[in-house]
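**Q** Before anything else, here's the structure in question.
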Amino acid sequence: MSAGLKKSSSNGCEKLLTSEEQQAKINEVRRLIGPLPDKLAIYCSDASISRYLRARNWNIKKATKMLKGTLKWRAEYKPEEIRWEEIACEGETGKICRTNFIDKHGRTVLVMRPSCQNTKSTKGQIRYLVYCMENAILNLPAEQEQMVWLIDFHGFNLSHISVKVTKETAHVLQDHYPERLGVAILYNPPKFFEPFYTLVKPFLEPKTYNKVKFVYADDLNTMKIMEDLFNIDQLESAFGGKDTSGFDFNKYAERMREDDKRMPSLWSSQSLPLAIPQPTLTSITASKPVNLDSDSDASDDNKLDGSNSHGIYAKVVSSDNDSSPADGGHNGPSNIHQDEIVSLDGKA
């Protein structure tokens with residue numbers, strides 16, 4: 001495939017686009033979104049918009065609607081402001097934690113243990129999940145924008161199944177963190193889990209469930225997936241690796257507190273790296289609100305006199321503020337290179 005031709009895949013369909021065609025679609029989505037406050041404008045970098053376009057098979061209207069939904073959600077939910085002390089009680093058992101190693105493709109690894117669920121609050125569980133996602137993105141290497149989930153089913157039983165939490169989890173991850181999942185490893189799931197997975201599968205995008213891999217400790221063929229993805233010396237023994245250290249809540253809490261200290265610096269416009277110059281929208285005054293509820297087409301999106309019920313006002317965004325490591329988990333302009341548009345696993 002030529003350097004100027006990229007592959008986009010969604011729902012079993014493939015679309016070939018040149019770099020120029022991709023950039024044109026990215027620019028059009030940015031135009032339809034309109035000017036935003038600096039903090040939200042971070043999520044309109046080339047890397048971010050391309051993820052939403054890939055998630056919607058490069059359909060501009062669908063990607064724009066999806067991105068508007070995320071911008072509205074972020075303005076209200078403020079995931080980047082969640083701190084460890086707020087959700088520490090959710091993390092006491094290590095039900096979700098970030099490993100201190102990456103996989104062979106450079107992806108952050110999140111370990112999930114459904115049997116270690118220690119609270120009843122769906123709201124609290126989802127907030128902790130969001131915190132873990134933001135933390136995983138914060139720690140992505142410069143050349144990577146996806147992560148791996150390792151789901152340990154040791155001790156899992158029917159009492160740990162919640163369709164409500166599963167649906168809400170799928171909603172948050174698919175709608176607000178598109179193209180962030182590289183692969184999800186379901187390790188030693190019990191037989192009764194398969195009917196449950198069949199039940200929740202309709203809530204998942206095809207591109208999402210295609211990334212789910214079932215691995216069994218007594219199946220050498222599936223265990224090869226682990227060997228191909230991870231350094232066995234670093235991998236926890238619960239997943240067939242050699243690391244026997246286990247989860248230490250106090251040590252993990254200290255890691256999270258240190259990461260929390262890094263988060264605010266990612267939201268300072270002065271600290272944002274230069275991106276590929278983007279069009280500066282100067283024709284809209286700062287007094288006009290951006291309507292993030294609209295899913296209309298280009299002609300309707302130009303009408304910016306809509307409701308201001310969400311308190312998000314238009315602001316002229318300079319080209320310097322168009323990319324941030326907080327968005328792509330990157331530390332520099334590499335997160336917007338068009339060569340990064342095709343995911344490593346080739347499926348998403």
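Ligands are numbered from 1 in the order shown, residues from 1 within each chain, and chains are lettered A, B, ... in the order they appear in the structure tokens.
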Excluding Thr169 (chain A) and any residue of its chain fewer than 6 positions from it, enumerate the residues within 10 Å of it, using only C-alpha atoms, and give them as a ChimeraX atom specification.
**A** /A:122,125-126,129-130,163,175
**Q** If you keep N, CA and C atoms, can you produce a file of those selected residues as a PDB file, in the first residue's frame?
**A**
```
ATOM      1  N   THR A 122     -23.338   2.011  40.910  1.00  0.00           N
ATOM      2  CA  THR A 122     -23.005   2.063  39.479  1.00  0.00           C
ATOM      3  C   THR A 122     -22.286   3.361  39.156  1.00  0.00           C
ATOM      4  N   GLN A 125     -18.692   3.139  40.315  1.00  0.00           N
ATOM      5  CA  GLN A 125     -17.935   2.198  39.497  1.00  0.00           C
ATOM      6  C   GLN A 125     -17.581   2.801  38.138  1.00  0.00           C
ATOM      7  N   ILE A 126     -18.531   3.499  37.534  1.00  0.00           N
ATOM      8  CA  ILE A 126     -18.269   4.126  36.243  1.00  0.00           C
ATOM      9  C   ILE A 126     -17.269   5.266  36.394  1.00  0.00           C
ATOM     10  N   LEU A 129     -13.920   3.773  36.573  1.00  0.00           N
ATOM     11  CA  LEU A 129     -13.528   3.322  35.240  1.00  0.00           C
ATOM     12  C   LEU A 129     -13.010   4.489  34.404  1.00  0.00           C
ATOM     13  N   VAL A 130     -13.729   5.610  34.429  1.00  0.00           N
ATOM     14  CA  VAL A 130     -13.323   6.795  33.673  1.00  0.00           C
ATOM     15  C   VAL A 130     -11.964   7.285  34.162  1.00  0.00           C
ATOM     16  N   VAL A 163     -25.969  -6.458  34.149  1.00  0.00           N
ATOM     17  CA  VAL A 163     -26.230  -5.976  32.802  1.00  0.00           C
ATOM     18  C   VAL A 163     -26.239  -4.455  32.779  1.00  0.00           C
ATOM     19  N   ASP A 175     -18.689   5.464  23.185  1.00  0.00           N
ATOM     20  CA  ASP A 175     -19.101   6.793  22.739  1.00  0.00           C
ATOM     21  C   ASP A 175     -18.065   7.870  23.031  1.00  0.00           C
TER      22      ASP A 175
END
```
**Q** Taking the DSSP assignment computed from this structure's backbone, write out as number ranges by chain all residues of region 5-146 of chain A that belong to alpha helix (DSSP H).
**A** A: 19-33, 38-41, 46-55, 60-77, 84-87, 122-138
**Q** Nearest to Thr70 (chain A) among A:Arg56, A:Tyr177, A:Met223, A:Asp46, with distances taken over only C-alpha atoms: which residue is it?
**A**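 Distance minimum relative to Thr70 (chain A) lands on A:Tyr177.
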**Q** From the options A:Lys39, A:Lys213, A:Arg180, A:Lys167, which residue's atoms come nearest to Leu199 (chain A), counting only C-alpha atoms?
**A**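 Closest to Leu199 (chain A) of all the choices is A:Lys167.
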**Q** Which is closer to Asp248 (chain A) than all the others in A:Arg31, A:Arg107, A:Lys95, A:Lys120, using only C-alpha atoms?
**A**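 Distance minimum relative to Asp248 (chain A) lands on A:Lys95.
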**Q** Could you give me the residues within region 64-295 of chain A that DSSP places in strand (DSSP E), as a PyMOL selection string?
**A** chain A and resi 96-102+108-112+147-152+181-187+212-215
